[in-house]
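Note: the block below is structure19.txt and it holds compact mmCIF, C-alpha atoms and all ligand atoms.
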# COMPACT_ATOMS: atom_id res chain seq x y z
CA MET A 1 0.00 0.00 0.00
CA LYS A 2 1.11 3.54 -0.78
CA VAL A 3 -0.38 6.82 0.35
CA LEU A 4 -0.05 10.30 -1.14
CA LYS A 5 -1.16 12.87 1.43
CA ASN A 6 -1.63 16.58 1.89
CA ALA A 7 -2.66 17.32 -1.69
CA ILE A 8 -5.21 19.21 -3.74
CA ILE A 9 -6.80 16.38 -5.71
CA VAL A 10 -8.24 17.15 -9.14
CA THR A 11 -10.25 14.02 -9.85
CA MET A 12 -11.73 14.63 -13.35
CA ASN A 13 -14.54 12.29 -12.28
CA THR A 14 -18.09 12.78 -13.60
CA ASN A 15 -18.80 15.52 -11.04
CA LEU A 16 -15.37 17.06 -11.59
CA ASP A 17 -14.80 16.94 -7.84
CA ILE A 18 -11.79 18.77 -6.46
CA ILE A 19 -10.65 17.82 -2.97
CA LYS A 20 -8.95 20.82 -1.42
CA ASN A 21 -6.95 18.87 1.13
CA GLY A 22 -6.91 15.11 0.94
CA TYR A 23 -5.06 11.89 0.37
CA ILE A 24 -5.04 8.93 -2.00
CA ILE A 25 -4.53 5.33 -0.88
CA ILE A 26 -3.07 3.00 -3.53
CA ASN A 27 -3.32 -0.77 -3.14
CA ASP A 28 -0.67 -3.35 -3.96
CA ASN A 29 -2.11 -3.87 -7.47
CA GLY A 30 -1.30 -0.24 -8.21
CA ASP A 31 -4.96 0.77 -8.23
CA ILE A 32 -6.66 3.56 -6.31
CA GLU A 33 -8.20 2.18 -3.14
CA GLU A 34 -9.52 5.37 -1.65
CA ILE A 35 -9.57 9.13 -2.15
CA LYS A 36 -10.43 11.04 0.98
CA GLU A 37 -10.74 14.55 2.22
CA GLY A 38 -8.74 15.53 5.32
CA ASN A 39 -5.42 14.68 6.91
CA TYR A 40 -3.98 11.18 6.78
CA SER A 41 -2.97 10.01 10.22
CA GLY A 42 -1.13 6.75 9.34
CA GLU A 43 2.57 6.32 8.75
CA ASN A 44 4.72 6.08 5.62
CA ALA A 45 2.66 8.45 3.51
CA LYS A 46 4.36 10.58 0.88
CA ASP A 47 3.78 14.25 1.68
CA MET A 48 2.65 16.26 -1.36
CA LYS A 49 3.05 19.51 0.59
CA GLY A 50 -0.10 21.09 -0.77
CA ASP A 51 0.71 20.38 -4.45
CA LEU A 52 -1.84 19.31 -7.06
CA LEU A 53 -2.49 15.68 -7.90
CA ILE A 54 -4.13 15.17 -11.28
CA PRO A 55 -4.89 12.11 -13.42
CA GLY A 56 -2.02 11.08 -15.69
CA LEU A 57 -2.21 12.95 -18.99
CA ILE A 58 -2.93 11.17 -22.24
CA ASN A 59 -1.06 11.78 -25.46
CA GLY A 60 -3.62 10.50 -27.97
CA HIS A 61 -1.39 10.38 -31.03
CA THR A 62 2.31 10.32 -31.55
CA HIS A 63 5.08 8.58 -33.44
CA THR A 64 7.38 8.26 -30.46
CA ALA A 65 10.61 7.18 -32.16
CA MET A 66 10.43 10.24 -34.43
CA THR A 67 12.07 12.11 -31.57
CA LEU A 68 15.22 11.04 -33.43
CA LEU A 69 14.14 13.25 -36.36
CA ARG A 70 13.43 16.28 -34.18
CA GLY A 71 14.57 19.33 -36.10
CA TYR A 72 15.78 17.30 -39.09
CA ALA A 73 13.47 19.08 -41.57
CA ASP A 74 11.32 22.07 -40.66
CA ASP A 75 9.25 24.76 -42.37
CA LEU A 76 7.93 22.67 -45.27
CA PRO A 77 4.46 21.65 -46.56
CA LEU A 78 3.30 18.19 -45.37
CA ILE A 79 3.67 16.25 -48.63
CA GLU A 80 7.08 17.66 -49.50
CA TRP A 81 8.19 17.26 -45.87
CA LEU A 82 7.11 13.61 -45.83
CA GLU A 83 8.18 12.53 -49.33
CA LYS A 84 11.45 14.42 -49.71
CA HIS A 85 12.74 14.42 -46.15
CA ILE A 86 11.07 12.29 -43.51
CA TRP A 87 10.38 9.08 -45.42
CA PRO A 88 13.88 8.86 -47.02
CA LYS A 89 15.57 9.54 -43.66
CA GLU A 90 13.35 6.96 -41.97
CA GLY A 91 14.37 4.41 -44.62
CA GLU A 92 18.01 5.11 -43.95
CA TRP A 93 17.97 5.42 -40.16
CA MET A 94 15.05 3.70 -38.56
CA ASN A 95 16.22 0.16 -37.96
CA GLU A 96 14.90 -1.76 -34.98
CA LYS A 97 17.70 -0.61 -32.67
CA ASN A 98 17.23 3.07 -33.44
CA VAL A 99 13.45 2.84 -33.22
CA ASN A 100 13.82 1.45 -29.72
CA LEU A 101 16.25 4.19 -28.82
CA GLY A 102 13.94 6.91 -30.18
CA THR A 103 11.00 5.34 -28.37
CA GLU A 104 12.90 5.38 -25.10
CA LEU A 105 13.86 9.03 -25.63
CA GLY A 106 10.23 9.88 -26.40
CA ILE A 107 8.95 8.07 -23.34
CA MET A 108 11.45 9.98 -21.18
CA GLU A 109 10.10 13.21 -22.56
CA MET A 110 6.48 12.18 -22.09
CA LEU A 111 7.03 11.09 -18.48
CA ALA A 112 8.65 14.42 -17.70
CA CYS A 113 5.52 16.15 -19.04
CA GLY A 114 3.12 14.12 -16.90
CA THR A 115 2.05 11.71 -19.66
CA THR A 116 1.05 8.28 -18.39
CA SER A 117 -0.70 6.89 -21.50
CA PHE A 118 0.07 7.39 -25.16
CA CYS A 119 -0.99 6.00 -28.51
CA ASP A 120 1.92 5.36 -30.83
CA GLY A 121 1.98 4.62 -34.53
CA TYR A 122 5.36 3.44 -35.72
CA PHE A 123 7.38 0.36 -36.63
CA PHE A 124 8.91 -2.71 -34.96
CA THR A 125 6.06 -2.75 -32.45
CA SER A 126 6.79 -6.30 -31.33
CA SER A 127 9.86 -4.87 -29.62
CA THR A 128 8.68 -1.34 -28.73
CA VAL A 129 5.63 -2.70 -26.90
CA GLY A 130 7.97 -4.75 -24.71
CA LEU A 131 10.19 -1.72 -24.12
CA ALA A 132 7.25 0.50 -23.09
CA ASP A 133 5.94 -2.26 -20.85
CA LYS A 134 9.31 -2.71 -19.18
CA ILE A 135 9.52 1.02 -18.49
CA GLY A 136 6.01 0.78 -17.01
CA ILE A 137 4.15 3.33 -19.14
CA ARG A 138 0.74 2.66 -20.71
CA GLY A 139 1.76 2.57 -24.37
CA LEU A 140 -0.76 1.65 -27.04
CA MET A 141 1.63 0.60 -29.78
CA ALA A 142 0.54 0.25 -33.40
CA GLU A 143 2.56 -0.94 -36.40
CA GLY A 144 2.25 1.42 -39.35
CA LEU A 145 0.76 -0.12 -42.48
CA ILE A 146 0.97 1.81 -45.73
CA ASP A 147 1.07 0.92 -49.46
CA PHE A 148 4.82 1.57 -49.61
CA PRO A 149 7.79 -0.22 -48.00
CA THR A 150 8.32 0.75 -44.35
CA PRO A 151 11.53 0.57 -42.28
CA ASN A 152 10.21 -2.76 -40.99
CA LYS A 153 8.44 -4.46 -43.91
CA LYS A 154 8.72 -4.26 -47.70
CA THR A 155 5.03 -4.65 -48.51
CA PRO A 156 1.65 -4.17 -46.82
CA GLU A 157 1.15 -7.95 -47.09
CA GLU A 158 4.28 -8.52 -45.01
CA ALA A 159 3.31 -5.79 -42.56
CA PHE A 160 -0.15 -7.34 -42.16
CA ASP A 161 1.35 -10.76 -41.39
CA TYR A 162 3.71 -9.13 -38.89
CA ILE A 163 0.77 -7.34 -37.23
CA LYS A 164 -1.17 -10.58 -36.93
CA ASP A 165 1.84 -12.17 -35.23
CA THR A 166 2.01 -9.38 -32.64
CA LEU A 167 -1.63 -9.60 -31.51
CA ASN A 168 -1.10 -11.76 -28.46
CA ILE A 169 2.24 -10.57 -27.15
CA SER A 170 0.77 -7.85 -24.94
CA ASN A 171 -2.11 -9.71 -23.30
CA ASN A 172 -2.76 -8.38 -19.77
CA LYS A 173 0.21 -6.03 -19.85
CA ILE A 174 0.25 -2.31 -19.19
CA SER A 175 1.52 -1.61 -22.73
CA ARG A 176 -0.34 -3.26 -25.55
CA ILE A 177 -0.76 -3.65 -29.28
CA VAL A 178 -3.38 -1.63 -31.13
CA LEU A 179 -3.94 -1.38 -34.89
CA TYR A 180 -3.26 1.36 -37.39
CA VAL A 181 -3.06 2.20 -41.06
CA HIS A 182 -1.43 5.42 -42.15
CA ALA A 183 -4.11 7.35 -44.07
CA PRO A 184 -6.73 7.05 -46.83
CA TYR A 185 -4.43 8.78 -49.36
CA THR A 186 -1.45 6.50 -48.69
CA THR A 187 -3.17 3.19 -48.01
CA SER A 188 -5.52 1.40 -50.38
CA PRO A 189 -9.11 0.62 -49.35
CA LEU A 190 -8.29 -3.09 -49.14
CA TRP A 191 -5.89 -2.51 -46.24
CA ILE A 192 -8.11 -0.08 -44.38
CA GLU A 193 -10.77 -2.77 -44.60
CA LYS A 194 -8.51 -5.66 -43.60
CA VAL A 195 -6.84 -3.97 -40.63
CA SER A 196 -10.08 -2.47 -39.29
CA HIS A 197 -11.73 -5.90 -39.54
CA LEU A 198 -8.80 -7.42 -37.68
CA ALA A 199 -9.32 -4.75 -35.00
CA LYS A 200 -12.98 -5.67 -34.72
CA GLU A 201 -12.27 -9.40 -34.48
CA ASN A 202 -9.75 -8.82 -31.70
CA ASP A 203 -11.63 -5.98 -29.98
CA LEU A 204 -8.67 -3.63 -30.44
CA LEU A 205 -8.51 0.07 -31.15
CA PHE A 206 -8.06 1.03 -34.81
CA VAL A 207 -6.28 4.31 -35.59
CA ILE A 208 -5.97 6.19 -38.88
CA HIS A 209 -4.86 9.70 -39.91
CA THR A 210 -7.93 11.23 -41.57
CA ALA A 211 -8.73 14.52 -43.32
CA GLU A 212 -5.42 16.08 -42.34
CA THR A 213 -4.98 18.36 -45.36
CA LEU A 214 -6.98 19.88 -48.22
CA PHE A 215 -4.74 17.88 -50.57
CA GLU A 216 -6.03 14.68 -48.98
CA VAL A 217 -9.66 15.79 -49.25
CA SER A 218 -9.34 16.56 -52.98
CA GLU A 219 -7.31 13.41 -53.65
CA ILE A 220 -9.89 11.15 -51.99
CA LYS A 221 -12.72 12.95 -53.77
CA LYS A 222 -10.92 12.38 -57.09
CA ARG A 223 -10.22 8.71 -56.42
CA TYR A 224 -13.40 7.59 -54.69
CA GLY A 225 -15.94 10.41 -55.01
CA LYS A 226 -16.17 10.72 -51.25
CA THR A 227 -14.77 12.74 -48.36
CA PRO A 228 -12.04 10.99 -46.33
CA VAL A 229 -14.49 10.42 -43.46
CA GLU A 230 -17.17 8.96 -45.79
CA HIS A 231 -14.52 6.81 -47.43
CA CYS A 232 -13.26 5.43 -44.10
CA ALA A 233 -16.79 4.98 -42.76
CA SER A 234 -17.63 2.83 -45.78
CA LEU A 235 -14.65 0.53 -45.11
CA ILE A 236 -14.45 0.26 -41.31
CA PRO A 237 -16.95 -2.11 -39.65
CA VAL A 238 -19.50 -0.38 -37.43
CA GLU A 239 -18.33 -2.29 -34.35
CA THR A 240 -14.65 -1.32 -34.67
CA LYS A 241 -13.39 1.02 -31.94
CA THR A 242 -11.98 3.78 -34.12
CA ALA A 243 -9.86 6.86 -33.44
CA MET A 244 -9.06 9.32 -36.22
CA ALA A 245 -6.06 11.59 -35.94
CA HIS A 246 -6.26 15.19 -37.23
CA MET A 247 -9.77 15.54 -38.74
CA VAL A 248 -8.92 19.09 -39.80
CA HIS A 249 -11.09 19.37 -42.91
CA LEU A 250 -14.60 18.09 -42.20
CA ASN A 251 -17.96 19.24 -43.44
CA ASP A 252 -21.12 19.03 -41.32
CA LYS A 253 -22.02 15.64 -42.76
CA ASP A 254 -18.57 14.26 -41.88
CA MET A 255 -19.06 15.42 -38.30
CA ASP A 256 -22.48 13.76 -38.17
CA ILE A 257 -20.95 10.51 -39.46
CA ALA A 258 -18.16 10.72 -36.86
CA ALA A 259 -20.71 11.35 -34.08
CA ASP A 260 -23.00 8.60 -35.30
CA ARG A 261 -20.21 6.06 -35.72
CA ASP A 262 -18.48 7.07 -32.49
CA PHE A 263 -15.23 7.86 -34.28
CA GLY A 264 -13.02 9.42 -31.62
CA VAL A 265 -10.98 12.39 -32.82
CA ILE A 266 -7.36 13.08 -31.91
CA HIS A 267 -6.54 16.75 -32.20
CA ASN A 268 -2.89 17.61 -32.95
CA PRO A 269 -2.92 21.40 -32.99
CA GLN A 270 0.82 22.13 -33.03
CA SER A 271 1.52 19.68 -35.84
CA ASN A 272 -1.41 21.07 -37.85
CA LEU A 273 -0.14 24.62 -37.34
CA LYS A 274 3.50 23.81 -38.11
CA LEU A 275 2.60 22.05 -41.37
CA SER A 276 -0.10 24.64 -42.24
CA SER A 277 -2.64 21.84 -42.43
CA GLY A 278 -5.35 24.03 -40.94
CA ILE A 279 -7.32 24.31 -37.71
CA ALA A 280 -9.69 21.50 -36.71
CA GLU A 281 -13.12 22.67 -35.55
CA ILE A 282 -12.94 20.99 -32.19
CA ALA A 283 -15.55 23.06 -30.34
CA LYS A 284 -18.10 22.24 -33.05
CA MET A 285 -17.22 18.54 -32.99
CA ARG A 286 -17.56 18.33 -29.23
CA LYS A 287 -20.94 20.07 -29.43
CA LYS A 288 -22.03 17.24 -31.69
CA GLY A 289 -21.02 14.73 -29.01
CA ILE A 290 -17.76 13.56 -30.59
CA ASN A 291 -15.08 12.59 -28.05
CA VAL A 292 -11.80 14.40 -28.61
CA SER A 293 -8.31 13.56 -27.39
CA ILE A 294 -5.21 15.75 -27.69
CA GLY A 295 -2.00 14.46 -29.26
CA THR A 296 1.41 15.87 -29.99
CA ASP A 297 1.94 13.91 -33.23
CA GLY A 298 5.59 13.01 -33.84
CA ALA A 299 8.47 15.21 -32.71
CA ALA A 300 9.47 15.86 -36.32
CA SER A 301 6.32 17.95 -36.85
CA ASN A 302 5.92 19.56 -33.43
CA ASN A 303 8.91 19.46 -32.28
CA ASN A 304 8.33 18.07 -28.80
CA LEU A 305 6.03 15.64 -27.01
CA ASP A 306 4.89 18.09 -24.35
CA ILE A 307 1.19 17.45 -23.81
CA ILE A 308 0.90 20.39 -21.41
CA GLU A 309 2.02 22.78 -24.13
CA GLU A 310 -0.32 20.99 -26.52
CA MET A 311 -3.30 21.56 -24.20
CA ARG A 312 -2.61 25.27 -24.16
CA THR A 313 -2.27 25.41 -27.94
CA ALA A 314 -5.50 23.43 -28.38
CA SER A 315 -7.38 25.81 -26.14
CA LEU A 316 -5.91 28.97 -27.66
CA ILE A 317 -6.50 28.08 -31.31
CA GLY A 318 -9.95 26.80 -30.39
CA LYS A 319 -10.68 30.38 -29.34
CA TYR A 320 -9.73 31.98 -32.65
CA ASP A 321 -13.36 33.02 -33.17
CA ASP A 322 -14.86 32.76 -29.68
CA PRO A 323 -13.07 33.09 -26.30
CA GLN A 324 -15.61 30.77 -24.69
CA HIS A 325 -14.55 27.85 -26.87
CA LEU A 326 -12.37 25.11 -25.34
CA SER A 327 -12.32 26.47 -21.82
CA ALA A 328 -9.55 25.34 -19.47
CA ILE A 329 -11.79 22.69 -17.97
CA GLU A 330 -12.96 21.35 -21.37
CA THR A 331 -9.36 21.20 -22.55
CA MET A 332 -8.26 19.39 -19.42
CA LYS A 333 -11.02 16.83 -20.02
CA MET A 334 -9.66 16.16 -23.51
CA ALA A 335 -6.20 15.43 -22.08
CA THR A 336 -7.61 13.12 -19.38
CA ILE A 337 -10.99 11.38 -19.23
CA GLU A 338 -12.21 12.24 -22.71
CA GLY A 339 -8.85 11.26 -24.20
CA ALA A 340 -9.16 7.95 -22.36
CA LYS A 341 -12.58 7.45 -23.96
CA VAL A 342 -11.16 8.05 -27.43
CA LEU A 343 -8.53 5.36 -26.81
CA HIS A 344 -11.06 3.10 -25.06
CA ILE A 345 -9.01 2.94 -21.86
CA ASP A 346 -11.40 4.96 -19.68
CA ASP A 347 -12.27 1.95 -17.53
CA GLU A 348 -8.65 1.90 -16.29
CA THR A 349 -7.38 5.50 -16.43
CA GLY A 350 -8.29 9.12 -17.26
CA SER A 351 -9.64 10.13 -13.85
CA LEU A 352 -8.75 9.66 -10.20
CA GLU A 353 -11.41 7.30 -8.88
CA LYS A 354 -11.58 4.23 -6.70
CA GLY A 355 -10.77 1.12 -8.72
CA LYS A 356 -8.86 2.88 -11.50
CA SER A 357 -5.13 2.56 -12.03
CA ALA A 358 -3.04 4.90 -9.89
CA ASP A 359 -1.86 7.01 -12.85
CA ILE A 360 -1.16 10.20 -10.95
CA VAL A 361 0.84 13.34 -11.68
CA ARG A 362 2.07 15.70 -9.01
CA ILE A 363 2.22 19.32 -10.06
CA SER A 364 4.10 21.82 -7.99
CA LEU A 365 2.26 24.81 -6.62
CA ASN A 366 5.54 26.44 -5.84
CA GLY A 367 6.72 27.47 -9.32
CA ILE A 368 6.71 31.19 -10.06
CA GLU A 369 3.87 30.81 -12.56
CA SER A 370 1.61 29.35 -9.85
CA TYR A 371 1.61 32.63 -7.85
CA PRO A 372 -0.99 33.83 -7.06
CA TYR A 373 -3.29 30.83 -7.08
CA PHE A 374 -7.00 31.62 -7.05
CA GLY A 375 -8.06 28.04 -6.47
CA ASN A 376 -8.73 27.15 -10.12
CA PRO A 377 -6.40 24.27 -11.04
CA TYR A 378 -7.70 24.06 -14.63
CA SER A 379 -6.75 27.67 -15.33
CA PHE A 380 -3.28 27.13 -13.87
CA ILE A 381 -2.68 23.85 -15.71
CA VAL A 382 -3.94 24.88 -19.15
CA TYR A 383 -2.92 28.55 -19.26
CA ALA A 384 0.04 29.04 -16.93
CA MET A 385 2.02 25.98 -15.97
CA ASN A 386 4.62 24.17 -18.04
CA SER A 387 6.35 20.82 -17.72
CA ARG A 388 8.93 22.28 -15.29
CA ASP A 389 6.11 22.14 -12.75
CA VAL A 390 5.67 18.36 -13.11
CA LYS A 391 7.33 16.93 -10.00
CA MET A 392 6.25 13.30 -10.17
CA THR A 393 4.69 10.91 -12.67
CA MET A 394 3.24 7.70 -11.28
CA ILE A 395 1.79 4.88 -13.36
CA LYS A 396 -0.02 1.89 -11.87
CA GLY A 397 1.27 2.96 -8.47
CA ASN A 398 4.92 3.09 -9.56
CA VAL A 399 6.82 6.37 -9.51
CA LEU A 400 8.56 6.40 -12.92
CA TYR A 401 9.69 10.02 -12.82
CA GLU A 402 10.37 12.34 -9.93
CA ASN A 403 12.27 15.63 -9.73
CA GLY A 404 14.11 15.01 -13.00
CA GLU A 405 15.07 11.40 -12.22
CA TYR A 406 13.78 8.23 -13.89
CA SER A 407 13.36 5.01 -11.95
CA THR A 408 13.20 2.60 -14.91
CA ILE A 409 15.26 4.37 -17.60
CA ASP A 410 18.99 5.04 -17.69
CA ALA A 411 18.60 8.59 -18.96
CA ASP A 412 22.35 9.25 -19.36
CA ARG A 413 22.76 6.16 -21.55
CA VAL A 414 19.80 7.14 -23.76
CA LYS A 415 21.09 10.68 -24.19
CA SER A 416 24.62 9.59 -25.03
CA GLU A 417 23.43 6.98 -27.54
CA VAL A 418 21.26 9.55 -29.30
CA ARG A 419 24.17 12.01 -29.48
CA LYS A 420 26.35 9.30 -31.03
CA LEU A 421 23.84 8.78 -33.85
CA GLN A 422 24.16 12.28 -35.25
ZN ZN B 501 0.58 11.34 -37.03
Starting from the file, give its structure as structure tokens.
Amino acid sequence: MKVLKNAIIVTMNTNLDIIKNGYIIINDNGDIEEIKEGNYSGENAKDMKGDLLIPGLINGHTHTAMTLLRGYADDLPLIEWLEKHIWPKEGEWMNEKNVNLGTELGIMEMLACGTTSFCDGYFFTSSTVGLADKIGIRGLMAEGLIDFPTPNKKTPEEAFDYIKDTLNISNNKISRIVLYVHAPYTTSPLWIEKVSHLAKENDLLFVIHTAETLFEVSEIKKRYGKTPVEHCASLIPVETKTAMAHMVHLNDKDMDIAADRDFGVIHNPQSNLKLSSGIAEIAKMRKKGINVSIGTDGAASNNNLDIIEEMRTASLIGKYDDPQHLSAIETMKMATIEGAKVLHIDDETGSLEKGKSADIVRISLNGIESYPYFGNPYSFIVYAMNSRDVKMTMIKGNVLYENGEYSTIDADRVKSEVRKLQ
């Protein structure tokens, strides 16, 4: 049993309860046993000294190992950036060893930003899922399938066989396999159909980049006479748990389809801004009842995996036409409980409640930007704080990051190996 005491607890439960002075008891399974108001009188409790405890943050979409390509090519349009720079460099660099190294670097960065769950789309997942699991983070790891050769497999047929072989390796582990195809403009309908059916049969999340750019919208219209959302909806079985990254260019009908089909949306505002893809209409989507998660996308198009920064960006660009859009509290929901719903992990994480995994982040209320504090944690978290204020990241009851130190990663080794690559 572990106890975290003397904290302001931001639960993100259905009532959005905030406990002004309380404690959390964590059982030996790493789950929350109790959350109580008042002082804890027992021994061996960890004193939070009046800091905030919030649910672990969720990075809904990233390509973790692309941390290795951070700053490699900037200031270019998406297609040119991908085809002339990122894909060739990936072909040259991203072998299994480097993908693991980049994944470890990315996980370090995410832990330091209070991220406890993330959804990854990359390559060599049979080994990265083991790596994430060993570190102890909740990684949803998906092998990229695309019509072209990838760093791991020469053809989509080979990638599909590889994916099928990985399905059982993560049973009952904290990190797990999920399924993914790149996008409607890069992956033929056959593969969207096959992988999404495989997801349905195995009750796994299916992820796809959708409606990211105007180029994609016109290309899909030309090829299939449909919008990207209509096209995907016609291929993905109704029962498949589906999350769509980007969703920047949707019409009203697309939004109705997404709401009706329960397609979760993963909003990647910094990546969309950096690549001039556009601004997703998140406030409108949420009004229609669509669940939205926030993601950083890969570090090559961001250029970091800081979900706290991403929350602020999401809220600020959501306000471009109305300051009441994407309030601090709505934005915080997207990075916690609503994000968990998009990834279909809300029964285990996303809020601080009895029975859920102890995925808990301690945020200092002693940083300069926390003075004064008017008692609104959402305002502080979304508009003022930054990852310097993250003091501790706990997942399933284990402290993986605290005051700059990692308990399950040799940070010096990772840094020196990455430096040697350049
Ligand atoms: Zn992406």
Grab me every residue within 7 Å of ligand ZN 501 (chain B), counting all atoms listed in the file, and send it over as number ranges by chain. A: 61-63, 209, 245, 297-298
One decimal, in Å: what's the spacing between atom CA of A:Glu143 and atom CA of A:Trp93?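 According to the coordinates, atom CA of A:Glu143 and atom CA of A:Trp93 are separated by 17.1 Å.
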Which residues of stretch 240-320 of chain A come within 7 Å of stretch 324-334 of chain A, and what is each one's closest atom pair and distance in Å (one decimal), counting only C-alpha atoms, sorted by chain and residue number, as CSV?
residue,atom,partner,partner_atom,distance
A:Ala283,CA,A:His325,CA,6.0
A:Val292,CA,A:Met334,CA,5.8
A:Ser293,CA,A:Met334,CA,4.9
A:Ile294,CA,A:Met334,CA,6.1
A:Met311,CA,A:Thr331,CA,6.3
A:Ser315,CA,A:Leu326,CA,5.1
A:Gly318,CA,A:Leu326,CA,5.8
A:Lys319,CA,A:His325,CA,5.2
Nearest residue to A:Ser170 out of A:Leu204, A:Ile86, A:Leu250, A:Lys194, using only C-alpha atoms?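 Of A:Leu204, A:Ile86, A:Leu250, A:Lys194, the one nearest A:Ser170, counting only C-alpha atoms, is A:Leu204.
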Grab the atom CA of A:Gly144 to atom CA of A:Ser188 distance for me, in Å with one decimal place.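 For atom CA of A:Gly144 relative to atom CA of A:Ser188, the distance reads 13.5 Å.
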Taking into account only C-alpha atoms, which residue in the set A:Met394, A:Ser301, A:Ser117, A:Phe380 is nearest to A:Trp81? A:Ser301
Padded axis-aligned box of stretch 188-192 of chain A (5 Å per side), centre and edge lengths, Å, one decimal, as AutoDock Vina command-line options:
--center_x -7.3 --center_y -0.8 --center_z -47.4 --size_x 13.6 --size_y 14.5 --size_z 16.0
For A:Ile146, which residue out of A:Gly278, A:Pro189, A:Gly264, A:Gly350 is the nearest one, using only C-alpha atoms?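 Under the stated criterion, the closest residue is A:Pro189.
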Selection: 12 Å around A:Leu190, all atoms listed in the file, excl. self and same-chain fewer than 2 positions, as an NGL selection string: :A and (145-147 or 156-157 or 160 or 181 or 184 or 186-188 or 192-197 or 231-232 or 234-236)
Which one is closest to A:Ala340: A:Gln270, A:Asn59, A:Gln422, A:Asn152? Count only C-alpha atoms.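 Closest candidate: A:Asn59.
Taking atom CA of A:Leu4 and atom CA of A:Arg362 as the two end points, the separation is 9.8 Å.
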Grab stretch 325-339 of chain A from that structure and dump N, CA and C atoms to a file, as a PDB file, in the first residue's frame.
ATOM      1  N   HIS A 325     -14.833  29.191 -26.363  1.00  0.00           N
ATOM      2  CA  HIS A 325     -14.554  27.845 -26.866  1.00  0.00           C
ATOM      3  C   HIS A 325     -13.383  27.203 -26.112  1.00  0.00           C
ATOM      4  N   LEU A 326     -13.449  25.902 -25.961  1.00  0.00           N
ATOM      5  CA  LEU A 326     -12.374  25.112 -25.341  1.00  0.00           C
ATOM      6  C   LEU A 326     -11.823  25.792 -24.078  1.00  0.00           C
ATOM      7  N   SER A 327     -12.706  25.914 -23.115  1.00  0.00           N
ATOM      8  CA  SER A 327     -12.320  26.472 -21.818  1.00  0.00           C
ATOM      9  C   SER A 327     -11.236  25.598 -21.194  1.00  0.00           C
ATOM     10  N   ALA A 328     -10.620  26.106 -20.130  1.00  0.00           N
ATOM     11  CA  ALA A 328      -9.550  25.339 -19.473  1.00  0.00           C
ATOM     12  C   ALA A 328     -10.074  23.971 -19.039  1.00  0.00           C
ATOM     13  N   ILE A 329     -11.258  23.954 -18.486  1.00  0.00           N
ATOM     14  CA  ILE A 329     -11.785  22.685 -17.972  1.00  0.00           C
ATOM     15  C   ILE A 329     -12.106  21.704 -19.114  1.00  0.00           C
ATOM     16  N   GLU A 330     -12.660  22.211 -20.215  1.00  0.00           N
ATOM     17  CA  GLU A 330     -12.955  21.346 -21.370  1.00  0.00           C
ATOM     18  C   GLU A 330     -11.659  20.786 -21.955  1.00  0.00           C
ATOM     19  N   THR A 331     -10.647  21.624 -21.996  1.00  0.00           N
ATOM     20  CA  THR A 331      -9.361  21.204 -22.551  1.00  0.00           C
ATOM     21  C   THR A 331      -8.713  20.144 -21.667  1.00  0.00           C
ATOM     22  N   MET A 332      -8.807  20.370 -20.372  1.00  0.00           N
ATOM     23  CA  MET A 332      -8.262  19.392 -19.415  1.00  0.00           C
ATOM     24  C   MET A 332      -8.979  18.048 -19.554  1.00  0.00           C
ATOM     25  N   LYS A 333     -10.273  18.081 -19.803  1.00  0.00           N
ATOM     26  CA  LYS A 333     -11.017  16.829 -20.023  1.00  0.00           C
ATOM     27  C   LYS A 333     -10.445  16.080 -21.222  1.00  0.00           C
ATOM     28  N   MET A 334     -10.165  16.814 -22.285  1.00  0.00           N
ATOM     29  CA  MET A 334      -9.663  16.163 -23.505  1.00  0.00           C
ATOM     30  C   MET A 334      -8.321  15.471 -23.262  1.00  0.00           C
ATOM     31  N   ALA A 335      -7.514  16.034 -22.346  1.00  0.00           N
ATOM     32  CA  ALA A 335      -6.203  15.425 -22.078  1.00  0.00           C
ATOM     33  C   ALA A 335      -6.271  14.341 -21.010  1.00  0.00           C
ATOM     34  N   THR A 336      -7.472  14.144 -20.431  1.00  0.00           N
ATOM     35  CA  THR A 336      -7.607  13.120 -19.382  1.00  0.00           C
ATOM     36  C   THR A 336      -8.761  12.166 -19.724  1.00  0.00           C
ATOM     37  N   ILE A 337      -9.918  12.372 -19.131  1.00  0.00           N
ATOM     38  CA  ILE A 337     -10.989  11.376 -19.229  1.00  0.00           C
ATOM     39  C   ILE A 337     -11.536  11.220 -20.657  1.00  0.00           C
ATOM     40  N   GLU A 338     -11.664  12.353 -21.353  1.00  0.00           N
ATOM     41  CA  GLU A 338     -12.209  12.240 -22.712  1.00  0.00           C
ATOM     42  C   GLU A 338     -11.183  11.583 -23.648  1.00  0.00           C
ATOM     43  N   GLY A 339      -9.910  11.910 -23.433  1.00  0.00           N
ATOM     44  CA  GLY A 339      -8.847  11.259 -24.199  1.00  0.00           C
ATOM     45  C   GLY A 339      -8.847   9.757 -23.955  1.00  0.00           C
TER      46      GLY A 339
END
